[in-house]
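> Following this message is one structure expressed as structure tokens.
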Amino acid sequence: GGGTDEYIAFKVKTTQPRRYLVRPNQGLIAPGSAETISILLVEKDKQVLLQSYERLGQSGLDHSKDKFLVQSCTVDKSFAAKKSGDQTELYDALTTMWNSLTSGGSTTPLHNKKLHVRHVVQESSAAASRAAPSSSAGAVPKLEKTSNSNVKDMTQDQLASEITNLRRKYDELVSFSVNLTAERDILSNTLEQTKRDYNREMAARSALENKQGGGSSRGSGSGAGGKSMTSSLMQLMVVGLACFLAGVRIGASGNAPHLPVVGNFFAENVPVVNAVVEDEPAPAEQGGEEL
């Protein structure tokens, strides 16, 4: 806020949220003041970069595609008053404001600044990595106890060395807590992604089952229609055969004077017709077709 008389809200984003920890990632800057933002590299990725540096030198680190985006905008005095209040309330208000700005629900001018990442390894870090290659985020640093009596007997050089040692242990504890936070965030994001994948899979499976159920219903309906038609044809054939046999018997008994030709035909060939009906129904049907 050095170049303006208004409060400025800021937010820091990165293309690799699992690799970097940004503290704070959003906040308010008062007019004439500044804000220090700490960007920490996760220990696991740090070791990978150090290994690349040992193999290829600085050229192995010069092709990073990681980026940061710093967004900023001015806020009114009523919003700026929240800076002196509850920090949780301020954080929630900032989150709501940024969501409104990015979705186009606000007309406040938004300024964006992109920053490209370039990794540089200090010789002290490389030497420490070679001296302790087995150190990882899973190892809890141990602090050595120092009695008050020993502190009283220490010289100035010994006290300075002890303070340096305590600072180093403190930095290890901070790094350990940061790595734990990063692992927690990674697990949380992985869990959310797994839940979303599971819900999509269940929805797709349900839609597929519904589609297959509709197809089987249509198939069963067409099968039932085919069976009904076959049954009707069988009934028609049975009725036709019964009528045919009834006509044969009436013609053989001579009780059909109004059909002299048919009567004479059946009267002259009664034995043959009986043999055909009892043993070979196919020739009898052929005789009916000729009529």
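Note on naming: chains are A, B, ... as they come in the structure tokens, residues start from 1 per chain, ligands start from 1 in the order shown.
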Can you tell me which residues surround A:Ile39 at a distance of at most 9 Å, considering only C-alpha atoms, apart from same-chain residues fewer than 2 positions away, and format the answer as a PyMOL selection string?
chain A and resi 20-24+37+41
> How about saving the chosen residues, N, CA and C atoms kept, as an mmCIF file, in the first residue's frame?

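Below you can see out.cif, which holds the result:
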data_model
loop_
_atom_site.group_PDB
_atom_site.id
_atom_site.type_symbol
_atom_site.label_atom_id
_atom_site.label_comp_id
_atom_site.auth_asym_id
_atom_site.auth_seq_id
_atom_site.Cartn_x
_atom_site.Cartn_y
_atom_site.Cartn_z
ATOM 1 N N TYR A 20 4.075 -25.828 -3.026
ATOM 2 C CA TYR A 20 4.444 -24.631 -2.280
ATOM 3 C C TYR A 20 3.395 -24.345 -1.204
ATOM 4 N N LEU A 21 3.882 -23.845 -0.084
ATOM 5 C CA LEU A 21 3.018 -23.371 0.989
ATOM 6 C C LEU A 21 3.193 -21.859 1.098
ATOM 7 N N VAL A 22 2.094 -21.134 0.924
ATOM 8 C CA VAL A 22 2.123 -19.675 0.929
ATOM 9 C C VAL A 22 1.444 -19.191 2.205
ATOM 10 N N ARG A 23 2.165 -18.428 3.010
ATOM 11 C CA ARG A 23 1.643 -17.914 4.273
ATOM 12 C C ARG A 23 2.029 -16.439 4.418
ATOM 13 N N PRO A 24 1.008 -15.548 4.515
ATOM 14 C CA PRO A 24 -0.409 -15.786 4.265
ATOM 15 C C PRO A 24 -0.699 -15.748 2.761
ATOM 16 N N ILE A 37 5.375 -12.111 2.708
ATOM 17 C CA ILE A 37 4.742 -13.382 2.362
ATOM 18 C C ILE A 37 5.826 -14.452 2.300
ATOM 19 N N LEU A 41 8.932 -24.386 0.090
ATOM 20 C CA LEU A 41 8.916 -25.541 -0.801
ATOM 21 C C LEU A 41 8.805 -26.815 0.030
#
> Quick one: DSSP strand (DSSP E) residues in stretch 19-218 of chain A, as a VMD selection string?
chain A and resid 20 to 23 26 to 29 38 to 41 67 to 75 111 to 116
> So that I can see what lies close to A:Asp185, please list as a VMD selection string the residues with an atom at most 9 Å from it, counting only C-alpha atoms and leaving out residues fewer than 5 positions away in the same chain.
chain A and resid 18 180 190
> Could those residues be written to a file, using N, CA, C and O atoms, as an mmCIF file, in the first residue's frame?

data_model
loop_
_atom_site.group_PDB
_atom_site.id
_atom_site.type_symbol
_atom_site.label_atom_id
_atom_site.label_comp_id
_atom_site.auth_asym_id
_atom_site.auth_seq_id
_atom_site.Cartn_x
_atom_site.Cartn_y
_atom_site.Cartn_z
ATOM 1 N N ARG A 18 0.358 -28.042 -4.368
ATOM 2 C CA ARG A 18 0.879 -29.132 -3.537
ATOM 3 C C ARG A 18 2.385 -29.034 -3.318
ATOM 4 O O ARG A 18 2.929 -29.747 -2.477
ATOM 5 N N LEU A 180 4.026 -31.574 7.428
ATOM 6 C CA LEU A 180 2.815 -32.263 7.883
ATOM 7 C C LEU A 180 1.568 -31.578 7.340
ATOM 8 O O LEU A 180 0.610 -32.240 6.914
ATOM 9 N N THR A 190 -6.813 -35.413 -2.296
ATOM 10 C CA THR A 190 -6.956 -36.747 -2.906
ATOM 11 C C THR A 190 -8.273 -37.398 -2.507
ATOM 12 O O THR A 190 -8.950 -38.034 -3.325
#
> Could you give me, as a list in words, the residues within 7 Å of A:Ser64, counting only C-alpha atoms and dropping anything in the same chain fewer than 3 positions from it?
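What passes the distance filter is Leu61, Val117 and Arg118 of chain A.
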> Near stretch 89-98 of chain A, counting only C-alpha atoms, which residues have an atom at most 9 Å away, once you skip same-chain residues fewer than 3 positions from it, shown as a PyMOL selection string?
chain A and resi 9-11+26-28+79+82-86+101-103+106
> Write out as an MDAnalysis selection string all residues of stretch 17-203 of chain A that backbone DSSP assigns to helix (DSSP H, G or I).
chainID A and resid 43:61 77:84 87:102 123:131 148:153 156:203
> Grab the atom CA of A:Gln47 to atom CA of A:Asn25 distance for me, in Å with one decimal place.
24.1 Å
